[in-house]
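The data block below is my_file06.cif; it holds mmCIF, C-alpha atoms.
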data_my_file
#
loop_
_atom_site.label_atom_id
_atom_site.label_comp_id
_atom_site.auth_asym_id
_atom_site.auth_seq_id
_atom_site.Cartn_x
_atom_site.Cartn_y
_atom_site.Cartn_z
CA MET E 1 -59.90 1.47 1.69
CA THR E 2 -60.56 4.30 4.09
CA THR E 3 -60.12 7.97 3.37
CA ALA E 4 -58.51 10.56 5.61
CA TRP E 5 -61.82 12.03 6.75
CA GLN E 6 -63.08 8.60 7.77
CA GLU E 7 -60.02 8.09 9.95
CA THR E 8 -60.57 11.50 11.50
CA ALA E 9 -64.24 10.62 12.03
CA ALA E 10 -63.17 7.57 14.05
CA ALA E 11 -61.10 9.72 16.41
CA TYR E 12 -63.91 12.28 16.56
CA ALA E 13 -66.45 9.61 17.53
CA LEU E 14 -64.06 8.44 20.25
CA ASP E 15 -63.75 12.07 21.39
CA VAL E 16 -59.96 12.00 21.23
CA LEU E 17 -59.43 14.52 18.45
CA GLU E 18 -57.23 17.42 19.47
CA ALA E 19 -58.82 20.88 19.45
CA PRO E 20 -57.55 22.31 16.12
CA GLU E 21 -58.35 19.09 14.24
CA ARG E 22 -61.71 18.87 15.93
CA ALA E 23 -62.71 22.36 14.83
CA GLU E 24 -61.60 21.54 11.30
CA PHE E 25 -63.55 18.28 11.27
CA GLU E 26 -66.67 19.90 12.69
CA SER E 27 -66.74 22.37 9.84
CA LEU E 28 -66.58 19.44 7.39
CA LEU E 29 -69.24 17.68 9.43
CA ALA E 30 -71.57 20.64 9.12
CA ARG E 31 -71.44 20.37 5.32
CA SER E 32 -71.51 16.60 4.81
CA ASN E 33 -74.53 14.38 5.35
CA GLU E 34 -72.36 11.36 4.69
CA ALA E 35 -69.97 12.32 7.49
CA GLN E 36 -72.86 13.06 9.86
CA GLN E 37 -74.35 9.63 9.23
CA ASP E 38 -70.96 7.98 9.69
CA VAL E 39 -70.23 9.80 12.96
CA ALA E 40 -73.69 9.02 14.35
CA GLU E 41 -73.13 5.30 13.78
CA LEU E 42 -69.58 5.29 15.10
CA ARG E 43 -70.70 7.20 18.20
CA GLU E 44 -73.24 4.50 18.90
CA VAL E 45 -70.53 1.86 18.57
CA VAL E 46 -68.32 3.88 20.92
CA SER E 47 -71.09 4.25 23.49
CA LEU E 48 -71.46 0.45 23.55
CA LEU E 49 -67.81 0.16 24.59
CA ALA E 50 -68.94 1.18 28.09
CA TYR E 51 -70.06 -2.45 28.39
CA ALA E 52 -66.50 -3.66 27.81
CA ALA E 53 -65.36 -2.40 31.21
CA PRO E 54 -64.89 -5.26 33.71
CA PRO E 55 -68.02 -5.37 35.89
CA MET E 56 -67.34 -3.90 39.32
CA ALA E 57 -69.80 -3.51 42.17
CA PRO E 58 -69.98 0.07 43.46
CA PRO E 59 -69.86 0.50 47.25
CA ALA E 60 -73.32 0.79 48.81
CA SER E 61 -72.42 4.25 50.13
CA LEU E 62 -72.24 5.63 46.58
CA ARG E 63 -76.00 5.45 46.07
CA ALA E 64 -76.59 7.46 49.24
CA ARG E 65 -73.99 10.00 48.14
CA VAL E 66 -75.63 10.48 44.73
CA LEU E 67 -79.01 11.08 46.38
CA ARG E 68 -77.52 13.37 49.03
CA ASP E 69 -75.87 15.52 46.36
CA ALA E 70 -79.19 15.74 44.55
CA GLU E 71 -80.91 17.11 47.64
CA GLN E 72 -78.60 20.10 47.58
CA VAL E 73 -79.19 21.16 44.01
CA ARG E 74 -82.37 20.88 42.01
CA PRO E 75 -82.56 20.27 38.27
CA VAL E 76 -82.80 23.28 36.01
CA ASP E 77 -86.46 22.85 35.07
CA SER E 78 -87.84 22.31 38.54
CA ALA E 79 -87.36 25.85 39.84
CA ARG E 80 -90.98 26.47 40.63
CA ARG E 81 -91.86 23.03 41.95
CA ALA E 82 -89.47 22.11 44.69
CA PRO E 83 -90.04 23.21 48.24
CA ASN E 84 -87.79 25.66 50.06
CA ALA E 85 -84.50 24.26 51.20
CA SER E 86 -84.16 24.28 54.93
CA ILE E 87 -82.08 27.21 56.04
CA ALA E 88 -78.97 26.00 57.78
CA ARG E 89 -77.60 27.52 60.92
CA LYS E 90 -76.06 30.96 60.80
CA SER E 91 -72.39 31.43 60.34
CA ALA E 92 -71.70 34.99 61.42
CA VAL E 93 -67.93 34.75 61.32
CA TYR E 94 -68.06 33.47 57.80
CA LEU E 95 -70.37 36.26 56.74
CA LEU E 96 -68.18 38.96 58.25
CA LEU E 97 -65.22 37.51 56.44
CA ALA E 98 -67.10 37.37 53.17
CA ALA E 99 -68.40 40.90 53.60
CA SER E 100 -64.93 42.29 54.25
CA ILE E 101 -63.66 40.74 51.04
CA VAL E 102 -66.65 42.02 49.13
CA GLY E 103 -65.76 45.54 50.17
CA MET E 104 -62.69 45.37 47.98
CA LEU E 105 -64.45 44.14 44.90
CA VAL E 106 -65.44 45.79 41.72
CA VAL E 107 -68.92 44.53 41.00
CA GLY E 108 -70.05 44.92 37.47
CA SER E 109 -71.78 43.42 34.51
CA GLY E 110 -71.70 43.85 30.78
CA TYR E 111 -73.20 42.43 27.68
CA ALA E 112 -69.84 41.75 26.06
CA ARG E 113 -68.73 39.60 28.93
CA GLU E 114 -71.97 37.64 28.90
CA ARG E 115 -71.46 37.02 25.22
CA ASP E 116 -67.90 35.82 25.80
CA ALA E 117 -69.12 33.47 28.49
CA ARG E 118 -71.77 32.03 26.19
CA LEU E 119 -69.28 31.41 23.42
CA GLY E 120 -66.92 29.81 25.92
CA LEU E 121 -69.57 27.32 26.97
CA ALA E 122 -69.42 25.54 23.64
CA SER E 123 -65.99 24.09 24.25
CA THR E 124 -66.86 22.08 27.33
CA ALA E 125 -69.77 19.88 26.27
CA ASP E 126 -69.55 16.27 25.15
CA SER E 127 -70.85 16.48 21.63
CA LEU E 128 -72.31 18.87 19.14
CA ARG E 129 -75.96 18.29 19.87
CA GLN E 130 -75.44 18.19 23.58
CA VAL E 131 -73.59 21.47 23.27
CA ILE E 132 -76.49 23.02 21.39
CA ALA E 133 -79.13 21.76 23.83
CA SER E 134 -77.32 22.89 26.94
CA ARG E 135 -76.27 26.16 25.33
CA ASP E 136 -79.89 26.94 24.50
CA VAL E 137 -80.80 26.42 28.13
CA MET E 138 -77.98 28.70 29.19
CA ILE E 139 -78.61 31.41 26.61
CA ASN E 140 -82.26 31.56 27.60
CA ALA E 141 -81.25 31.76 31.23
CA LEU E 142 -78.66 34.46 30.57
CA LEU E 143 -80.84 36.67 28.37
CA ALA E 144 -83.81 36.96 30.70
CA PRO E 145 -84.41 40.55 31.85
CA GLU E 146 -84.40 39.61 35.54
CA VAL E 147 -80.85 38.22 35.41
CA THR E 148 -78.22 39.75 37.67
CA THR E 149 -74.53 39.38 36.89
CA VAL E 150 -72.07 39.13 39.73
CA LYS E 151 -68.31 39.09 39.46
CA LEU E 152 -66.68 36.76 41.98
CA SER E 153 -63.02 37.26 42.82
CA SER E 154 -60.68 37.63 45.74
CA THR E 155 -58.28 40.20 44.31
CA ASP E 156 -57.96 41.90 40.96
CA ARG E 157 -55.92 38.92 39.79
CA PRO E 158 -57.08 35.48 38.59
CA PRO E 159 -58.81 33.20 39.30
CA SER E 160 -62.19 34.80 38.89
CA ALA E 161 -65.74 33.78 38.14
CA ARG E 162 -68.94 35.31 36.91
CA MET E 163 -72.26 34.30 38.35
CA TYR E 164 -75.59 34.83 36.61
CA TRP E 165 -78.65 34.65 38.81
CA ASN E 166 -82.20 34.71 37.55
CA ARG E 167 -84.23 36.16 40.39
CA THR E 168 -87.50 34.78 39.04
CA THR E 169 -86.58 31.18 38.27
CA GLY E 170 -83.69 30.86 40.72
CA GLN E 171 -81.40 29.62 37.94
CA VAL E 172 -77.74 30.17 38.68
CA ILE E 173 -74.94 29.81 36.16
CA LEU E 174 -71.33 30.12 37.19
CA ALA E 175 -68.47 30.56 34.72
CA ALA E 176 -65.03 30.20 36.30
CA PHE E 177 -61.82 31.44 34.70
CA GLN E 178 -58.16 30.57 35.24
CA LEU E 179 -59.08 28.28 38.11
CA PRO E 180 -57.01 25.05 38.13
CA PRO E 181 -58.97 21.84 38.78
CA ALA E 182 -59.45 21.05 42.47
CA PRO E 183 -56.83 18.71 43.97
CA GLN E 184 -57.61 15.02 44.12
CA GLY E 185 -60.32 14.25 46.65
CA ARG E 186 -61.44 17.90 46.71
CA THR E 187 -64.07 19.84 44.83
CA TYR E 188 -65.27 23.41 44.46
CA GLN E 189 -68.60 24.41 45.97
CA LEU E 190 -70.76 27.44 45.19
CA TRP E 191 -72.75 29.14 47.95
CA GLY E 192 -75.57 31.64 47.92
CA ILE E 193 -75.95 33.76 51.02
CA ALA E 194 -78.99 35.88 51.89
CA LYS E 195 -78.62 38.95 54.11
CA GLY E 196 -78.28 37.67 57.67
CA GLY E 197 -78.57 34.04 56.56
CA ALA E 198 -76.24 31.08 56.52
CA PRO E 199 -74.63 29.96 53.25
CA VAL E 200 -76.87 27.73 51.13
CA SER E 201 -75.12 25.22 48.88
CA LEU E 202 -75.61 25.76 45.15
CA GLY E 203 -73.76 22.57 44.31
CA THR E 204 -70.25 21.38 43.62
CA PHE E 205 -68.27 21.75 40.43
CA ASN E 206 -64.81 21.35 39.03
CA THR E 207 -62.87 23.04 36.26
CA LEU E 208 -61.14 21.71 33.17
CA PRO E 209 -57.36 21.52 32.91
CA THR E 210 -57.65 24.76 30.90
CA GLY E 211 -58.87 26.46 34.08
CA GLU E 212 -62.38 26.99 32.73
CA GLY E 213 -65.45 25.72 34.51
CA ARG E 214 -69.21 25.96 34.07
CA HIS E 215 -71.77 25.17 36.71
CA VAL E 216 -75.55 25.26 36.49
CA ALA E 217 -77.79 25.14 39.52
CA VAL E 218 -81.12 26.33 40.80
CA ALA E 219 -81.25 28.31 44.02
CA PRO E 220 -83.93 27.23 46.49
CA SER E 221 -87.04 29.32 45.94
CA GLY E 222 -87.21 32.10 48.48
CA LEU E 223 -83.45 32.49 48.63
CA THR E 224 -82.59 36.11 47.87
CA ILE E 225 -78.89 35.91 47.15
CA SER E 226 -76.93 38.82 48.56
CA ILE E 227 -73.49 37.26 48.31
CA GLY E 228 -72.11 34.52 46.06
CA ALA E 229 -69.03 32.63 47.22
CA VAL E 230 -66.87 29.67 46.18
CA THR E 231 -64.95 27.43 48.59
CA GLU E 232 -62.81 24.34 48.20
CA GLU E 233 -64.37 21.36 49.98
CA PRO E 234 -63.83 17.62 50.37
CA ALA E 235 -65.12 15.59 47.40
CA GLY E 236 -68.90 15.46 47.48
CA GLY E 237 -69.21 18.89 49.05
CA SER E 238 -70.10 20.04 52.57
CA PRO E 239 -73.39 21.07 54.22
CA GLN E 240 -71.68 24.31 55.30
CA PRO E 241 -68.38 25.82 54.14
CA THR E 242 -65.32 24.30 55.83
CA THR E 243 -62.76 26.61 54.21
CA THR E 244 -62.47 30.34 53.66
CA PRO E 245 -64.11 31.40 50.39
CA PHE E 246 -61.54 32.35 47.79
CA LEU E 247 -64.04 33.83 45.33
CA VAL E 248 -66.67 36.22 46.65
CA GLY E 249 -69.00 38.73 45.06
CA GLN E 250 -71.86 40.90 46.22
CA VAL E 251 -75.11 41.11 44.30
CA SER E 252 -75.97 44.70 43.43
CA GLN E 253 -79.52 45.35 44.61
CA MET G 1 -80.10 -1.99 45.88
CA THR G 2 -83.78 -1.36 46.23
CA GLN G 3 -86.24 -2.77 43.78
CA SER G 4 -88.81 -0.17 42.96
CA PRO G 5 -92.40 -1.10 42.20
CA THR G 6 -92.27 1.11 39.12
CA THR G 7 -89.43 -0.64 37.32
CA SER G 8 -91.56 -0.94 34.19
CA ALA G 9 -90.92 2.73 33.36
CA THR G 10 -88.52 3.17 30.46
CA ASP G 11 -85.32 5.08 30.99
CA ALA G 12 -86.71 8.00 29.01
CA GLU G 13 -89.78 8.14 31.26
CA LEU G 14 -87.54 8.04 34.30
CA LEU G 15 -85.56 10.95 32.96
CA LYS G 16 -88.69 13.06 32.48
CA ARG G 17 -89.61 12.54 36.15
CA LEU G 18 -86.05 13.36 37.06
CA ALA G 19 -86.20 16.63 35.13
CA LEU G 20 -89.19 17.59 37.26
CA GLY G 21 -87.13 17.21 40.39
CA GLU G 22 -88.27 13.77 41.56
CA GLU G 23 -85.40 12.39 43.59
CA ARG G 24 -86.81 8.86 43.63
CA ALA G 25 -86.41 8.75 39.85
CA LEU G 26 -82.72 9.50 40.31
CA GLY G 27 -82.47 6.57 42.73
CA GLU G 28 -84.11 4.28 40.17
CA LEU G 29 -81.82 5.48 37.41
CA TYR G 30 -78.85 4.83 39.66
CA ASP G 31 -80.11 1.32 40.51
CA ARG G 32 -80.26 0.52 36.81
CA HIS G 33 -77.06 2.09 35.59
CA GLY G 34 -74.94 2.92 38.63
CA ALA G 35 -72.94 -0.31 38.35
CA THR G 36 -72.30 0.23 34.63
CA ALA G 37 -71.22 3.80 35.36
CA TYR G 38 -68.97 2.73 38.23
CA SER G 39 -67.38 -0.12 36.23
CA LEU G 40 -66.61 2.30 33.40
CA ALA G 41 -65.18 4.89 35.80
CA ARG G 42 -62.98 2.26 37.46
CA ALA G 43 -61.67 1.08 34.08
CA ILE G 44 -60.59 4.65 33.30
CA VAL G 45 -59.45 6.17 36.59
CA ARG G 46 -58.47 2.91 38.39
CA GLU G 47 -58.65 4.27 41.95
CA ALA G 48 -61.90 3.40 43.75
CA ALA G 49 -62.17 6.82 45.43
CA ASP G 50 -61.66 8.62 42.11
CA ALA G 51 -64.27 6.42 40.44
CA GLU G 52 -66.80 7.21 43.17
CA GLU G 53 -66.13 10.91 42.74
CA VAL G 54 -66.61 10.63 38.98
CA VAL G 55 -69.87 8.70 39.30
CA ALA G 56 -71.24 11.07 41.94
CA GLU G 57 -70.41 14.11 39.79
CA ALA G 58 -71.79 12.45 36.67
CA PHE G 59 -75.13 11.64 38.32
CA ALA G 60 -75.24 15.19 39.72
CA GLN G 61 -74.81 16.44 36.15
CA VAL G 62 -77.55 14.06 34.95
CA TRP G 63 -79.79 15.38 37.71
CA ARG G 64 -79.11 19.04 36.92
CA THR G 65 -79.37 18.76 33.16
CA ALA G 66 -81.98 16.02 32.65
CA ALA G 67 -84.22 18.57 30.91
CA SER G 68 -81.67 18.99 28.13
CA PHE G 69 -81.54 15.26 27.30
CA ASP G 70 -82.60 14.65 23.71
CA SER G 71 -83.93 11.13 23.14
CA GLY G 72 -83.51 11.66 19.40
CA ARG G 73 -79.76 11.39 19.65
CA GLY G 74 -79.39 8.18 21.63
CA SER G 75 -80.37 6.23 24.70
CA VAL G 76 -80.31 7.46 28.27
CA VAL G 77 -77.57 4.96 29.16
CA ALA G 78 -75.42 6.20 26.30
CA TRP G 79 -75.88 9.74 27.61
CA VAL G 80 -74.98 8.72 31.16
CA THR G 81 -71.93 6.68 30.15
CA THR G 82 -70.73 9.49 27.88
CA ILE G 83 -70.88 11.90 30.83
CA VAL G 84 -69.08 9.39 33.06
CA ARG G 85 -66.36 8.81 30.48
CA THR G 86 -65.88 12.53 29.80
CA ARG G 87 -65.52 13.29 33.51
CA ALA G 88 -63.24 10.32 34.11
CA LEU G 89 -60.99 11.32 31.21
CA ASP G 90 -60.94 14.93 32.44
CA LEU G 91 -59.74 13.61 35.78
CA ILE G 92 -56.92 11.45 34.47
CA ARG G 93 -55.84 14.19 32.09
CA ALA G 94 -55.76 16.64 34.96
CA GLN G 95 -53.72 14.21 36.98
CA ARG G 96 -51.26 13.96 34.10
CA ARG G 97 -51.49 10.23 34.20
CA ARG G 98 -52.00 10.19 30.51
CA ALA G 99 -48.88 8.31 29.61
CA ARG G 100 -49.39 5.64 32.19
CA VAL G 101 -49.32 2.14 30.87
CA LEU G 102 -52.62 0.52 30.24
CA ASP G 103 -51.65 -3.04 30.82
CA ASP G 104 -52.96 -5.75 28.62
CA ALA G 105 -55.17 -6.88 31.46
CA VAL G 106 -57.40 -3.82 31.17
CA LEU G 107 -60.29 -5.98 30.09
CA THR G 108 -59.54 -8.85 32.44
CA ALA G 109 -61.65 -8.71 35.55
CA ASP G 110 -59.50 -8.63 38.68
CA ASP G 111 -60.34 -10.12 42.07
CA GLU G 112 -62.48 -7.15 43.05
CA ALA G 113 -64.67 -7.68 40.05
CA ILE G 114 -67.97 -9.38 40.47
CA ALA G 115 -69.04 -12.29 38.34
CA GLY G 116 -71.39 -11.58 35.47
CA ALA G 117 -73.25 -8.36 34.83
CA PRO G 118 -73.90 -5.81 37.56
CA ALA G 119 -77.34 -6.02 39.12
CA GLY G 120 -79.97 -4.21 37.10
CA GLY G 121 -83.01 -3.06 39.01
CA ASP G 122 -84.94 -2.99 35.78
CA THR G 123 -87.49 -5.46 34.42
CA PRO G 124 -86.07 -8.97 33.99
CA ASP G 125 -86.47 -8.72 30.21
CA ARG G 126 -84.41 -5.57 29.98
CA ASP G 127 -81.81 -6.93 32.44
CA VAL G 128 -81.42 -10.01 30.26
CA GLU G 129 -81.23 -7.89 27.13
CA ARG G 130 -78.48 -5.81 28.71
CA ALA G 131 -76.53 -8.84 29.91
CA GLU G 132 -76.63 -10.27 26.39
CA ALA G 133 -75.53 -6.98 24.91
CA ARG G 134 -72.68 -6.78 27.39
CA GLU G 135 -71.55 -10.25 26.41
CA LEU G 136 -71.74 -9.42 22.68
CA VAL G 137 -69.68 -6.24 23.16
CA ARG G 138 -66.99 -8.06 25.13
CA ARG G 139 -66.84 -10.92 22.66
CA SER G 140 -66.75 -8.60 19.64
CA LEU G 141 -63.92 -6.60 21.14
CA ALA G 142 -62.03 -9.79 22.02
CA ASP G 143 -62.47 -11.01 18.44
CA LEU G 144 -60.73 -7.95 16.98
CA PRO G 145 -57.12 -8.32 15.86
CA ALA G 146 -55.03 -7.44 18.93
CA PRO G 147 -53.42 -4.28 17.43
CA GLN G 148 -56.85 -2.84 16.56
CA ARG G 149 -58.27 -3.71 19.97
CA ARG G 150 -55.30 -2.07 21.70
CA VAL G 151 -55.70 1.20 19.78
CA LEU G 152 -59.40 1.33 20.66
CA GLU G 153 -58.73 0.57 24.34
CA LEU G 154 -56.09 3.29 24.56
CA ALA G 155 -58.46 5.79 22.97
CA TYR G 156 -61.63 4.80 24.83
CA PHE G 157 -60.30 4.00 28.30
CA GLY G 158 -57.11 6.09 28.13
CA GLY G 159 -58.46 9.11 26.28
CA MET G 160 -55.33 9.17 24.15
CA SER G 161 -55.27 10.93 20.78
CA GLN G 162 -54.05 9.21 17.63
CA SER G 163 -50.64 10.85 17.84
CA GLU G 164 -50.29 10.00 21.54
CA ILE G 165 -51.12 6.38 20.81
CA ALA G 166 -48.59 6.35 17.97
CA GLU G 167 -45.92 7.67 20.30
CA PHE G 168 -46.91 5.30 23.08
CA LEU G 169 -46.83 2.22 20.85
CA THR G 170 -43.92 3.53 18.73
CA GLU G 171 -45.97 2.89 15.61
CA PRO G 172 -46.39 5.20 12.61
CA LEU G 173 -49.30 7.64 13.00
CA GLY G 174 -50.87 6.43 9.75
CA THR G 175 -50.93 2.86 11.08
CA VAL G 176 -52.70 3.95 14.25
CA LYS G 177 -55.30 5.92 12.27
CA THR G 178 -56.01 2.97 9.99
CA ARG G 179 -56.32 0.54 12.92
CA MET G 180 -58.66 2.84 14.82
CA ARG G 181 -61.00 3.16 11.85
CA ALA G 182 -60.81 -0.53 10.95
CA GLY G 183 -61.46 -1.58 14.54
CA LEU G 184 -64.54 0.62 14.84
CA GLU G 185 -65.88 -0.57 11.49
CA LYS G 186 -65.54 -4.22 12.51
CA LEU G 187 -67.32 -3.48 15.77
CA ARG G 188 -70.05 -1.66 13.88
CA THR G 189 -70.69 -4.79 11.83
CA ALA G 190 -70.52 -7.10 14.84
CA LEU G 191 -72.76 -4.93 17.02
CA ARG G 192 -75.32 -4.11 14.34
CA PRO G 193 -77.91 -6.49 15.91
CA ILE G 194 -78.06 -4.44 19.11
CA MET G 195 -77.62 -0.94 17.71
CA GLY G 196 -80.61 1.37 18.00
CA SER G 197 -82.02 -0.37 21.05
CA GLU G 198 -83.48 2.17 23.47
CA ALA G 199 -82.41 0.36 26.61
CA LEU G 200 -78.75 0.00 25.66
CA PRO G 201 -75.86 2.41 25.83
#
Using the file provided, produce a representation of the structure as structure tokens.
Amino acid sequence: MTTAWQETAAAYALDVLEAPERAEFESLLARSNEAQQDVAELREVVSLLAYAAPPMAPPASLRARVLRDAEQVRPVDSARRAPNASIARKSAVYLLLAASIVGMLVVGSGYARERDARLGLASTADSLRQVIASRDVMINALLAPEVTTVKLSSTDRPPSARMYWNRTTGQVILAAFQLPPAPQGRTYQLWGIAKGGAPVSLGTFNTLPTGEGRHVAVAPSGLTISIGAVTEEPAGGSPQPTTTPFLVGQVSQ
Amino acid sequence: MTQSPTTSATDAELLKRLALGEERALGELYDRHGATAYSLARAIVREAADAEEVVAEAFAQVWRTAASFDSGRGSVVAWVTTIVRTRALDLIRAQRRRARVLDDAVLTADDEAIAGAPAGGDTPDRDVERAEARELVRRSLADLPAPQRRVLELAYFGGMSQSEIAEFLTEPLGTVKTRMRAGLEKLRTALRPIMGSEALP
């Protein structure tokens, strides 16, 4: 005979619990060792279900794509190790366009907004412990004294985004708001632009159906970001922007 | 797929190299688990192009966040497949394909499927271990009573909540909840021999 919480634990382990129920169950989970043990075991069972998918051979091009994407963005911890990214060719028209939009922007930062962004991060991760681990990384990145906050927008209306850039480590965190997921076959791409330089890719990202998105990247060392911009690109991203940026913000020096 | 001379490294060791920015480690990780990730993505999103997008984004996330991986909470493959599944479900939810019918053939390989387990790129021992685990998972799921199996498939591959499944199957919510729990418990018993293995999802 199963109890109600055990049935809820099954849905929780399968990650199909709806938000209000999930919050309720997580508060029970925090108090009950028995429930924690149960969920840990059920999660392991659930993770094994990946092997129940019919085996399919991925196209050979996918491996190259995975490695190509990796060349554009480095992992969070490798900021000081990787060599400079090669600076791509200049794109003067693009820069002029970006600069003209920046002129209309209110650029600002504030502790309260950083705090809101940190709290918002918790809702997007896969599981409790993963949330905690990645949130620690983000909080540490956000709280460093050398972090600059940049508001990215195109008008005073949504969508908007906030970019946090650690000048020392190169860590970049983007929080997007009220931005619907990119259409099928498309993705969003973040760019960092140095004064007089061409846009440098800071990776691709997408948002949740709620319109919220989080993106973590590391800028190539030596890149002094003057402007942050977001474009919509074909899936997999582009070496240089192929569309007009719809979110732009200037870094206050 | 390329066979690397350093295939004796465990997944956890690979991930440490990856966190330091070694792109070759990402290639090795992909050679081991790319096919598992792609098969899972295909089972959820169906379209080949969507599945490729999901796998590419998932490996990009693995690459960016390798430093936050905690080996204390499960294997590397489990972490990777969880990311793949989360992204694939986000995609189908966004596409509002939630109510689409998952036909009974969801677990029947179609003509695009390849025979047996996807190629590994790991040591032969670990490849064999994985192939056996795969077989045990498929058999255990097939052995479940059909109503329990169906509820688990709709939740795992369809990302449907208990109430959505109840509506979809026109069954009482309580029945769906009971079947979901009972199905997972039976699987837990059946899969006990391979639980806790580092190399498995």
Taking (-90.4, 32.0, 42.1) in the file's coordinates as the center, which residues reach within 7 Å of it, counting all atoms listed in the file, put as number ranges by chain? E: 80, 168-170, 221
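Between atom CA of G:Asp125 and atom CA of G:Met195 there is a distance of 17.2 Å.
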For atom CA of E:Trp191 and atom CA of E:Gly203, the interatomic separation in Å (one decimal): 7.6 Å
To one decimal in Å, tell me the separation between atom CA of E:Ala144 and atom CA of E:Ala219.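 Going from atom CA of E:Ala144 over to atom CA of E:Ala219 covers 16.1 Å.
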Excluding stretch 174-185 of chain E and any residue of its chain fewer than 6 positions from it, enumerate the residues within 10 Å of it, using all atoms listed in the file, and give them as a ChimeraX atom specification. /E:114,117-118,120-121,149-153,157-165,205-217,228,232-236,247 /G:49-50,53,90-91,94-95
Measuring atom to atom with all atoms listed in the file, identify which of E:Gly249, E:Gly196, E:Pro20, E:Pro241 is nearest to E:Leu223. E:Gly196
Just checking: using all atoms listed in the file, which residue out of G:Ser75, G:Ser161, G:Thr189, G:Gln148 ends up closest to chain E?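 Smallest separation from chain E among the options: G:Ser161.
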Just give me the residues with any atom within 9 Å of (-64.3, 9.4, 41.0), file coordinates, counting only C-alpha atoms, written as a compact mmCIF listing (two decimals) with C-alpha atoms, keeping the file's coordinate frame.
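Here's the written file selection_6.txt:
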# COMPACT_ATOMS: atom_id res chain seq x y z
CA GLY E 185 -60.32 14.25 46.65
CA ALA E 235 -65.12 15.59 47.40
CA TYR G 38 -68.97 2.73 38.23
CA ALA G 41 -65.18 4.89 35.80
CA ARG G 42 -62.98 2.26 37.46
CA VAL G 45 -59.45 6.17 36.59
CA GLU G 47 -58.65 4.27 41.95
CA ALA G 48 -61.90 3.40 43.75
CA ALA G 49 -62.17 6.82 45.43
CA ASP G 50 -61.66 8.62 42.11
CA ALA G 51 -64.27 6.42 40.44
CA GLU G 52 -66.80 7.21 43.17
CA GLU G 53 -66.13 10.91 42.74
CA VAL G 54 -66.61 10.63 38.98
CA VAL G 55 -69.87 8.70 39.30
CA ALA G 56 -71.24 11.07 41.94
CA GLU G 57 -70.41 14.11 39.79
CA ARG G 87 -65.52 13.29 33.51
CA ALA G 88 -63.24 10.32 34.11
CA LEU G 91 -59.74 13.61 35.78
I'd like the neighbourhood of G:Thr36 as a PyMOL selection string, where a residue qualifies if any of its atoms comes within 12 Å (using all atoms listed in the file), though same-chain residues fewer than 5 positions away should be ignored. (chain E and resi 47-58) or (chain G and resi 29-31+41-43+51+55+77-78+80-82+84-85+116-120+130-131+134+200-201)
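Closest approach to chain E among G:Leu14, G:Ala190, G:Ala35, G:Val76: G:Ala35, based on only C-alpha atoms.
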Selected residue, from G:Leu169, G:Ala25, G:Met160, G:Leu144, that lies nearest to chain E when counting only C-alpha atoms: G:Met160
